[in-house]
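Enquirer: So here's data_20.cif (mmCIF, C-alpha atoms).
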data_upload
#
loop_
_atom_site.label_atom_id
_atom_site.label_comp_id
_atom_site.auth_asym_id
_atom_site.auth_seq_id
_atom_site.Cartn_x
_atom_site.Cartn_y
_atom_site.Cartn_z
CA MET A 1 46.38 -67.75 -174.19
CA ARG A 2 46.17 -66.34 -170.67
CA TYR A 3 49.74 -65.00 -171.02
CA GLN A 4 48.83 -63.23 -174.26
CA VAL A 5 45.75 -61.61 -172.66
CA MET A 6 47.83 -60.30 -169.73
CA GLU A 7 50.48 -59.01 -172.10
CA TYR A 8 47.80 -57.24 -174.14
CA MET A 9 46.29 -55.72 -170.98
CA GLU A 10 49.71 -54.45 -169.85
CA LEU A 11 50.27 -52.91 -173.27
CA MET A 12 46.89 -51.16 -173.15
CA VAL A 13 47.59 -49.82 -169.64
CA ARG A 14 50.95 -48.46 -170.77
CA LYS A 15 49.38 -46.79 -173.81
CA THR A 16 46.62 -45.31 -171.65
CA CYS A 17 49.16 -43.93 -169.16
CA ILE A 18 51.20 -42.40 -171.97
CA ALA A 19 48.05 -40.83 -173.49
CA VAL A 20 47.01 -39.37 -170.13
CA LEU A 21 50.52 -38.02 -169.56
CA ILE A 22 50.54 -36.37 -173.00
CA ALA A 23 47.09 -34.88 -172.34
CA LEU A 24 48.26 -33.45 -169.00
CA VAL A 25 51.34 -31.90 -170.60
CA MET A 26 49.20 -30.35 -173.34
CA LEU A 27 46.79 -28.89 -170.76
CA ILE A 28 49.69 -27.37 -168.82
CA LEU A 29 51.20 -25.86 -171.99
CA MET A 30 47.82 -24.49 -173.09
CA GLY A 31 47.29 -22.93 -169.66
CA GLN A 32 50.71 -21.28 -169.78
CA ALA A 33 50.06 -19.94 -173.28
CA ARG A 34 46.68 -18.56 -172.18
CA SER A 35 48.29 -16.86 -169.20
CA ARG A 36 50.91 -15.27 -171.45
CA ARG A 37 48.22 -14.03 -173.84
CA ASN A 38 46.16 -12.59 -171.00
CA ALA A 39 49.20 -10.90 -169.52
CA ALA A 40 50.18 -9.44 -172.88
CA ALA A 41 46.62 -8.23 -173.52
CA SER A 42 46.51 -6.43 -170.20
CA GLY A 43 50.04 -5.11 -170.58
CA LEU A 44 51.29 -6.96 -167.50
CA ALA A 45 53.97 -8.75 -169.50
CA GLY A 46 55.44 -5.52 -170.83
CA ASP A 47 57.90 -3.06 -169.42
CA SER A 48 56.12 -0.54 -167.20
CA GLY A 49 59.18 1.45 -166.13
CA PRO A 50 58.96 5.26 -166.03
CA TRP A 51 60.31 5.80 -169.56
CA SER A 52 58.89 2.69 -171.25
CA ALA A 53 56.63 2.64 -174.32
CA GLU A 54 53.74 1.92 -171.95
CA PHE A 55 53.65 5.68 -171.36
CA SER A 56 53.25 6.78 -174.95
CA LEU A 57 50.62 7.83 -177.46
CA THR A 58 50.50 6.83 -181.12
CA ARG A 59 48.53 8.22 -184.05
CA GLU A 60 48.29 7.72 -187.82
CA ASP A 61 47.99 3.95 -187.29
CA GLY A 62 51.07 3.84 -185.11
CA GLY A 63 53.24 5.78 -187.53
CA GLU A 64 53.65 8.65 -185.08
CA LEU A 65 54.68 8.04 -181.50
CA VAL A 66 55.41 10.35 -178.58
CA LYS A 67 56.40 8.98 -175.18
CA LEU A 68 57.57 10.34 -171.87
CA GLY A 69 61.29 10.86 -171.39
CA ALA A 70 64.17 12.44 -173.28
CA GLN A 71 63.26 13.82 -176.71
CA GLU A 72 65.57 14.08 -179.69
CA GLY A 73 65.53 17.47 -181.35
CA ALA A 74 62.72 20.01 -181.06
CA PHE A 75 58.93 19.65 -181.11
CA PRO A 76 57.10 18.03 -182.95
CA TRP A 77 59.55 15.12 -182.35
CA GLY A 78 58.92 13.23 -185.57
CA THR A 79 55.16 13.84 -185.78
CA SER A 80 53.23 15.96 -188.28
CA LEU A 81 51.81 18.21 -185.55
CA GLY A 82 52.15 21.95 -185.56
CA ALA A 83 52.34 24.18 -182.49
CA THR A 84 49.71 26.81 -181.78
CA ASP A 85 51.28 28.02 -178.54
CA ALA A 86 54.51 27.49 -176.59
CA SER A 87 55.53 28.73 -173.15
CA PHE A 88 58.94 28.69 -171.49
CA TRP A 89 59.71 29.57 -167.88
CA ARG A 90 62.14 29.02 -165.05
CA THR A 91 61.29 28.08 -161.46
CA GLY A 92 63.13 26.36 -158.62
CA GLY A 93 66.33 26.44 -160.60
CA GLU A 94 64.86 24.43 -163.49
CA ASP A 95 63.68 25.42 -166.98
CA PHE A 96 60.32 24.21 -168.28
CA PHE A 97 58.28 24.21 -171.48
CA GLU A 98 54.66 23.62 -172.47
CA VAL A 99 53.50 23.28 -176.05
CA THR A 100 49.90 23.24 -177.26
CA ALA A 101 49.76 21.30 -180.53
CA SER A 102 47.57 21.99 -183.52
CA ASP A 103 45.20 19.16 -182.51
CA GLY A 104 44.76 20.61 -179.00
CA SER A 105 47.05 18.12 -177.26
CA ARG A 106 49.50 19.51 -174.71
CA PHE A 107 53.11 18.49 -174.10
CA ALA A 108 55.12 19.71 -171.12
CA GLY A 109 58.47 19.02 -169.51
CA THR A 110 61.88 20.36 -168.62
CA ARG A 111 64.24 21.98 -171.10
CA GLN A 112 67.91 22.72 -171.36
CA GLY A 113 68.84 25.60 -169.10
CA GLY A 114 68.55 29.02 -170.69
CA THR A 115 67.12 27.82 -174.02
CA ALA A 116 63.74 29.10 -175.15
CA ASP A 117 62.88 26.01 -177.17
CA THR A 118 62.03 22.31 -176.75
CA SER A 119 65.27 20.89 -178.18
CA ASN A 120 66.31 17.68 -176.42
CA GLY A 121 63.91 18.35 -173.58
CA LEU A 122 62.58 15.85 -171.06
CA LEU A 123 58.87 15.24 -171.71
CA LEU A 124 57.01 14.78 -168.42
CA ASN A 125 53.37 15.24 -169.36
CA ILE A 126 51.12 14.49 -172.35
CA THR A 127 47.42 15.42 -172.33
CA THR A 128 44.99 14.83 -175.17
CA GLU A 129 41.29 14.97 -175.94
CA ASN A 130 41.86 13.89 -179.54
CA PRO A 131 40.50 10.41 -180.42
CA GLU A 132 43.21 9.99 -183.07
CA TRP A 133 45.76 9.28 -180.32
CA ALA A 134 45.88 5.84 -178.67
CA THR A 135 47.81 4.49 -175.71
CA ALA A 136 50.19 1.53 -176.03
CA ARG A 137 47.32 -0.81 -175.14
CA GLY A 138 44.86 0.83 -177.53
CA ALA A 139 42.78 3.11 -175.31
CA CYS A 140 41.56 6.29 -177.00
CA VAL A 141 39.17 9.16 -176.32
CA GLY A 142 35.57 8.18 -176.99
CA MET A 143 35.84 4.63 -175.67
CA SER A 144 33.46 3.53 -172.93
CA MET A 145 34.62 3.07 -169.36
CA GLU A 146 34.10 -0.69 -169.67
CA GLU A 147 36.23 -0.91 -172.83
CA THR A 148 39.01 1.17 -171.28
CA LEU A 149 39.13 -0.76 -168.01
CA LYS A 150 39.32 -4.06 -169.89
CA LEU A 151 42.60 -2.77 -171.31
CA TYR A 152 43.74 -1.43 -167.92
CA PRO A 153 42.31 -3.72 -165.22
CA GLU A 154 44.99 -2.45 -162.80
CA ALA A 155 43.70 1.14 -162.95
CA ALA A 156 42.38 2.47 -159.65
CA VAL A 157 39.48 4.90 -159.31
CA GLU A 158 40.08 8.23 -157.62
CA HIS A 159 37.34 9.34 -155.28
CA ASP A 160 36.55 13.01 -155.74
CA ALA A 161 33.69 15.47 -155.67
CA HIS A 162 33.07 15.22 -159.41
CA ARG A 163 31.78 11.63 -159.29
CA ALA A 164 28.29 12.83 -158.38
CA ALA A 165 28.20 14.69 -161.69
CA GLY A 166 29.10 11.52 -163.62
CA CYS A 167 32.82 12.29 -163.91
CA TYR A 168 35.31 9.58 -162.99
CA ARG A 169 39.09 9.42 -163.04
CA TYR A 170 40.93 6.11 -163.13
CA THR A 171 44.72 6.03 -162.84
CA TYR A 172 47.10 3.33 -164.00
CA SER A 173 50.50 3.40 -162.28
CA GLY A 174 53.61 1.80 -163.71
CA ALA A 175 56.56 0.29 -161.89
CA ALA A 176 58.39 2.61 -159.52
CA ASP A 177 62.11 3.23 -159.90
CA LYS A 178 64.00 4.50 -156.85
CA PHE A 179 66.03 6.86 -159.05
CA ALA A 180 63.68 7.72 -161.93
CA GLY A 181 60.37 7.86 -160.07
CA ILE A 182 57.10 6.55 -161.51
CA SER A 183 54.90 7.28 -164.51
CA ARG A 184 51.11 7.10 -164.64
CA ILE A 185 48.18 7.31 -167.06
CA ALA A 186 44.97 9.03 -165.92
CA PHE A 187 41.73 8.29 -167.76
CA ASN A 188 39.08 10.98 -167.31
CA PHE A 189 35.51 9.87 -167.99
CA GLU A 190 32.39 11.95 -168.48
CA GLN A 191 29.06 10.13 -168.60
CA ASP A 192 30.75 6.74 -169.21
CA ALA A 193 32.87 8.00 -172.15
CA LEU A 194 36.63 8.56 -172.04
CA ALA A 195 36.97 12.34 -172.37
CA SER A 196 40.73 12.83 -172.01
CA ILE A 197 43.99 10.97 -171.38
CA ASP A 198 46.74 12.36 -169.19
CA ILE A 199 50.15 10.64 -169.18
CA PHE A 200 52.53 12.05 -166.60
CA HIS A 201 55.66 11.40 -164.57
CA ASP A 202 56.06 11.69 -160.81
CA ALA A 203 59.55 12.28 -159.50
CA LYS A 204 60.82 9.98 -156.77
#
Is it possible to express this structure as structure tokens?
Expert:
Amino acid sequence: MRYQVMEYMELMVRKTCIAVLIALVMLILMGQARSRRNAAASGLAGDSGPWSAEFSLTREDGGELVKLGAQEGAFPWGTSLGATDASFWRTGGEDFFEVTASDGSRFAGTRQGGTADTSNGLLLNITTENPEWATARGACVGMSMEETLKLYPEAAVEHDAHRAAGCYRYTYSGAADKFAGISRIAFNFEQDALASIDIFHDAK
């Protein structure tokens, strides 16, 4: 009888140890999954290189996308936008363009030398005040500062003279590339509301 009791106790201890081990493994896996979700939500898990989709704007429920970098063809690059104004100029040995779209957004960059159009240009700056456009993480004009910074917790505030008037500028910087430079997103707030989004590239 005593032998059977000891055998039973050993069996229960083994089962308890196995149950604890399984519980620990589950907790570790759940923690890892939570970390991945948090990283994905904040964009930390994604590519933040200079020409990545992190530096893009989408509209029409994601059906239209424009991002920094080389463009295929001429403006409006696969979107339904029209152009209300376009400028072309040359300085420092490079050719540049700036297009104001029908929704007021502005697109600027370098163009092929000697061509007075945007064909296959390199888009270096996107600025919009239109709430129909959203960043890769979902920020759009009209959102509160709190909502925007939840999406971009890495964004740093810029200290300038306009803060006293209730205007703030937070800038999110991507990963730097020693050859391609770095891209950034600036969020401009007025009275706690996101007033404009500026996506731009800094050369190395």
Enquirer: Name all residues at most 9 Å from Ala203 in chain A (count all atoms listed in the file; drop same-chain ones fewer than 2 positions away) and give them as a list in words.
Expert: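 With the cut-off at 9 Å, the set is Phe179, Ala180, Gly181, Ile182, Ser183 and His201 of chain A.
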Enquirer: Those residues with C-alpha atoms, as a short mmCIF file (atom, residue, chain, number, x, y, z; two decimals), in the coordinates of the input please?
Expert:
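Dumped to again.cif:
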data_model
loop_
_atom_site.label_atom_id
_atom_site.label_comp_id
_atom_site.auth_asym_id
_atom_site.auth_seq_id
_atom_site.Cartn_x
_atom_site.Cartn_y
_atom_site.Cartn_z
CA PHE A 179 66.03 6.86 -159.05
CA ALA A 180 63.68 7.72 -161.93
CA GLY A 181 60.37 7.86 -160.07
CA ILE A 182 57.10 6.55 -161.51
CA SER A 183 54.90 7.28 -164.51
CA HIS A 201 55.66 11.40 -164.57
#
Enquirer: Could you jot down the CA of Ala165 in chain A to CA of Asn188 in chain A separation for me, Å, one decimal place?
Expert: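 Between CA of Ala165 in chain A and CA of Asn188 in chain A the gap is 12.8 Å.
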Enquirer: Give as a list in words each residue that has an atom at most 10 Å from (59.9, 8.9, -177.7) in the file, counting all atoms listed in the file.
Expert: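 Output of the proximity query reads Trp51, Ser52, Ala53, Phe55, Ser56, Leu57, Glu64, Leu65, Val66, Lys67, Leu68, Gly69, Ala70, Gln71, Glu72, Trp77, Gly78, Leu122 and Leu123 of chain A.
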Enquirer: Applying 9 Å and only C-alpha atoms, which residues near Arg106 in chain A remain after dropping the ones on its own chain fewer than 3 positions away? List them as a VMD selection string.
Expert: chain A and resid 98 to 101 103 125 to 128
Enquirer: Would you put the residues from that selection into a file with C-alpha atoms, as a PDB file, in the coordinates of the input?
Expert:
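Okay, this is what ended up in selection_28.pdb:
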ATOM      1  CA  GLU A  98      54.660  23.620-172.470  1.00  0.00           C
ATOM      2  CA  VAL A  99      53.500  23.280-176.050  1.00  0.00           C
ATOM      3  CA  THR A 100      49.900  23.240-177.260  1.00  0.00           C
ATOM      4  CA  ALA A 101      49.760  21.300-180.530  1.00  0.00           C
ATOM      5  CA  ASP A 103      45.200  19.160-182.510  1.00  0.00           C
ATOM      6  CA  ASN A 125      53.370  15.240-169.360  1.00  0.00           C
ATOM      7  CA  ILE A 126      51.120  14.490-172.350  1.00  0.00           C
ATOM      8  CA  THR A 127      47.420  15.420-172.330  1.00  0.00           C
ATOM      9  CA  THR A 128      44.990  14.830-175.170  1.00  0.00           C
TER      10      THR A 128
END
Enquirer: To one decimal place in Å, what is the distance between CA of Pro50 in chain A and CA of Glu94 in chain A?
Expert: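 Calculated distance between CA of Pro50 in chain A and CA of Glu94 in chain A is 20.2 Å.
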Enquirer: Calculated over only C-alpha atoms, which of the candidates A:Ser48, A:Thr91, A:Gln112, A:Ser144 has the smallest distance to Ala176 in chain A?
Expert: A:Ser48
Enquirer: Between CA of Ala175 in chain A and CA of Ala139 in chain A, what distance in Å does the model show, to one decimal?
Expert: 19.4 Å
Enquirer: Please report, as AutoDock Vina command-line options, the centre and edge lengths in Å to one decimal of an axis-aligned box covering all listed atoms of range 111-120 of chain A with 4 Å per side.
Expert:
--center_x 65.4 --center_y 23.4 --center_z -173.6 --size_x 14.8 --size_y 19.4 --size_z 17.1
Enquirer: Counting all atoms listed in the file, which residue out of A:Ala74, A:Leu151, A:Cys140, A:Ala86 sits closest to Phe189 in chain A?
Expert: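 Of all the options, A:Cys140 lies closest to Phe189 in chain A.
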Enquirer: Under the PyMOL selection byres ((chain A and resi 193) around 7), which residues of this model are included? Write them out as a PyMOL selection string.
Expert: chain A and resi 142-145+189-192+194-195
